[in-house]
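J.: I am attaching a structure below and will ask some questions about it afterwards.
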Amino acid sequence: MTPGRPVIEDAAILVEGGIIREVGTYGDLAPAHSGQVIDLGDAFIAPGLVNAHSHLELAHLRGLCPSGQGFVTWVEDLLRQPIFNLDPAAFEDAAQELKRTGTCLVGDIATRFAKEMAGALEASGLFFVVFCEAIGETIPKKTFIPSGEFEAGVISVAGHSLYTTHVDVLRAAKAETRAKGLPFSLHLAEHDDETAIMAGEPSAFLDLLQARGRLLDFTPPKKRPVEQAAALGLLDEATLCVHCVKVTDADIGTVRASGATVCLCPRSNEYIGVGRAPWEKWVASGAPVCLGTDSLASNTDLDLWNEAAYFKEHFNGELPLDGLLAMMTRVPAGIMGAGHILGTLEPGKVAAFARVPDRVMALF
Ligand SMILES: [Zn+2]
């Protein structure tokens, strides 16, 4: 994953105190090494994976939400679930699944329990960015977000979406993350109702929101979602745009020019039935692209290798292994602010590895 460096055959990684000291061939490194040797056999080793978008608060909803019936049905059902009942056992299962399947860092959205989720993630041994989600009309008066260096993780802020978070709240949230040098996340252009709401067209989802007392004074910007995000100043190198399904070529150009990173959640989009993002155009655009599983309310599991395999199997055209791995390692580590410790296997970085499963290797 280090740009310009080839795959190393018969590789060895020298680790001391959990930090990578040297990377090279076994033949080169073995003679000067006197410590323990762990032979992984015939394995293809990648940096520890980064799941750029999850909602671990919803871990207890695994298998409980309907699939394939569109966004409005999915949300209506989700709102009938006990979404704010934190379930430590379900969280623990999810954290174990992430670790078992090679993930070492998650970008997790917390709608209500950011501090609790950060604590639980730190205790689990996963690195994290917990995005405290801004939703609704009220600008949070007080922040608990510390600025500072990424160690085990950080708490930052996300906007829920252009249609559920007031424009002033979105601007304030972005301004706060910008001032503190933190990543900002936003669900963007996920489904057709979002496009309709922005355009001021009829939308079953807007009806649902207004029936719940939301968006009663909402003024449609008469822009496409990406245009509106850009107009609000939300797009820059520190923004993670999640989903990006309903986009035009011009939208792709706008995101690309802004420097923002795109997080595709292919299986979540399929599960909910919102359609498929123009993956090939995103990859070809040169915009940084990464992968996320999204929540267990819209995916069967949190195994990022399953996300990668699904993406590769349904991708039209060339997608080399190093390109796919970059979407799960170097690119998301960078946008999470963890590129100095994770994302590649280089001296000085954390010794977090993932073994590429045979079923993924077989796709190349
Ligand atoms: Zn999400």
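Numbering starts fresh at 1 for the residues of each chain in the structure tokens, the chains themselves are lettered A, B, ... in the order given, and ligands are numbered from 1 as they appear.
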Return as a list in words the residues of protein, DNA or RNA that approach ligand 1 to within 7 Å, with only C-alpha atoms and all ligand atoms taken into account.
T.: His53, Ser54, His55, Ile109, His187, Asp294 and Ser295 of chain A
J.: Excluding stretch 67-72 of chain A and its own-chain neighbours fewer than 6 positions away, which residues fall within 12 Å of it when counting only C-alpha atoms? Please give them as a list in words.
T.: Leu78, Leu79, Glu190, His191, Asp192, Asp193, Glu194, Ser203, Ala204, Phe205, Leu206, Asp207, Leu208, Leu209, Arg267, Ser268, Asn269, Glu270, Tyr271, Ile272, Gly273, Val274, Gly275, Leu296, Ala297, Ser298, Asn299 and Thr300 of chain A
J.: Restricting the output to C-alpha atoms, write the selected residues as an mmCIF file, in the first residue's frame.
T.:
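Final output, part.cif:
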```
data_model
loop_
_atom_site.group_PDB
_atom_site.id
_atom_site.type_symbol
_atom_site.label_atom_id
_atom_site.label_comp_id
_atom_site.auth_asym_id
_atom_site.auth_seq_id
_atom_site.Cartn_x
_atom_site.Cartn_y
_atom_site.Cartn_z
ATOM 1 C CA LEU A 78 -36.008 1.479 11.781
ATOM 2 C CA LEU A 79 -37.960 4.098 13.727
ATOM 3 C CA GLU A 190 -27.999 8.419 -0.695
ATOM 4 C CA HIS A 191 -31.463 8.047 -2.223
ATOM 5 C CA ASP A 192 -34.041 9.555 -4.595
ATOM 6 C CA ASP A 193 -36.099 11.154 -1.821
ATOM 7 C CA GLU A 194 -33.073 13.191 -0.776
ATOM 8 C CA SER A 203 -41.411 13.117 -1.405
ATOM 9 C CA ALA A 204 -42.943 10.390 0.746
ATOM 10 C CA PHE A 205 -39.984 10.754 3.039
ATOM 11 C CA LEU A 206 -40.503 14.486 3.535
ATOM 12 C CA ASP A 207 -44.140 13.688 4.431
ATOM 13 C CA LEU A 208 -42.877 11.174 6.997
ATOM 14 C CA LEU A 209 -40.434 13.671 8.502
ATOM 15 C CA ARG A 267 -24.079 -3.700 0.318
ATOM 16 C CA SER A 268 -26.016 -1.202 2.436
ATOM 17 C CA ASN A 269 -27.324 0.508 -0.705
ATOM 18 C CA GLU A 270 -28.336 -2.876 -2.085
ATOM 19 C CA TYR A 271 -29.896 -3.937 1.232
ATOM 20 C CA ILE A 272 -32.050 -0.813 1.510
ATOM 21 C CA GLY A 273 -32.782 -0.767 -2.204
ATOM 22 C CA VAL A 274 -31.713 2.792 -3.029
ATOM 23 C CA GLY A 275 -29.812 1.802 -6.153
ATOM 24 C CA LEU A 296 -26.171 -3.842 10.956
ATOM 25 C CA ALA A 297 -29.621 -2.355 10.317
ATOM 26 C CA SER A 298 -28.697 -2.244 6.614
ATOM 27 C CA ASN A 299 -26.087 -4.957 6.211
ATOM 28 C CA THR A 300 -25.787 -8.598 7.136
#
```
J.: Using the chain letters and numbers from this document, which residues of stretch 84-305 of chain A does DSSP assign to strand (DSSP E), as a PyMOL selection string?
T.: chain A and resi 103-110+127-134+153-159+184-188+239-243+261-264+289-291
J.: Show which residues sit within 7 Å of A:Val289, as number ranges by chain. Count only C-alpha atoms, and ignore same-chain residues fewer than 3 positions away.
T.: A: 261-263, 283, 327, 331
J.: Within 10 Å of A:Ala95, counting only C-alpha atoms, which residues qualify if same-chain residues fewer than 5 places away don't, as a compact mmCIF listing (two decimals) with N, CA and C atoms, in the first residue's frame?
T.:
```txt
# COMPACT_ATOMS: atom_id res chain seq x y z
N LEU A 56 -22.25 1.60 15.19
CA LEU A 56 -22.22 0.49 16.15
C LEU A 56 -23.28 0.63 17.24
N ALA A 59 -25.86 -2.05 16.70
CA ALA A 59 -25.38 -3.43 16.58
C ALA A 59 -26.45 -4.46 16.96
N ALA A 89 -23.74 -6.46 24.84
CA ALA A 89 -23.38 -7.79 24.29
C ALA A 89 -23.34 -7.73 22.76
N ALA A 90 -24.31 -7.03 22.17
CA ALA A 90 -24.33 -6.91 20.70
C ALA A 90 -23.14 -6.08 20.23
N ARG A 100 -11.86 -9.80 14.15
CA ARG A 100 -11.63 -11.14 13.57
C ARG A 100 -11.48 -11.05 12.05
N THR A 103 -10.32 -5.74 10.58
CA THR A 103 -10.49 -4.29 10.74
C THR A 103 -9.77 -3.82 12.01
N CYS A 104 -9.04 -2.71 11.89
CA CYS A 104 -8.35 -2.17 13.08
C CYS A 104 -8.83 -0.76 13.42
N VAL A 106 -12.29 2.03 12.91
CA VAL A 106 -13.64 2.28 12.39
C VAL A 106 -13.96 3.77 12.48
N ALA A 120 -16.20 2.34 24.67
CA ALA A 120 -16.32 0.92 24.36
C ALA A 120 -15.33 0.52 23.26
N LEU A 121 -15.15 1.40 22.27
CA LEU A 121 -14.21 1.09 21.19
C LEU A 121 -12.79 1.06 21.73
N SER A 124 -12.19 -2.06 23.50
CA SER A 124 -12.15 -3.24 22.63
C SER A 124 -10.80 -3.38 21.92
N GLY A 125 -10.00 -2.32 21.93
CA GLY A 125 -8.71 -2.38 21.25
C GLY A 125 -8.76 -1.91 19.81
N LEU A 126 -9.93 -1.48 19.34
CA LEU A 126 -10.03 -0.92 17.98
C LEU A 126 -9.66 0.56 18.02
N LEU A 302 -20.37 -7.06 9.41
CA LEU A 302 -19.41 -5.95 9.39
C LEU A 302 -18.06 -6.39 8.82
```
J.: Taking only C-alpha atoms into account, name the residue in A:Ala43, A:Val226, A:Ile13, A:Leu363 that is nearest to A:Ala30.
T.: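 Answer, going by the shortest atom-to-atom distance: A:Ile13.
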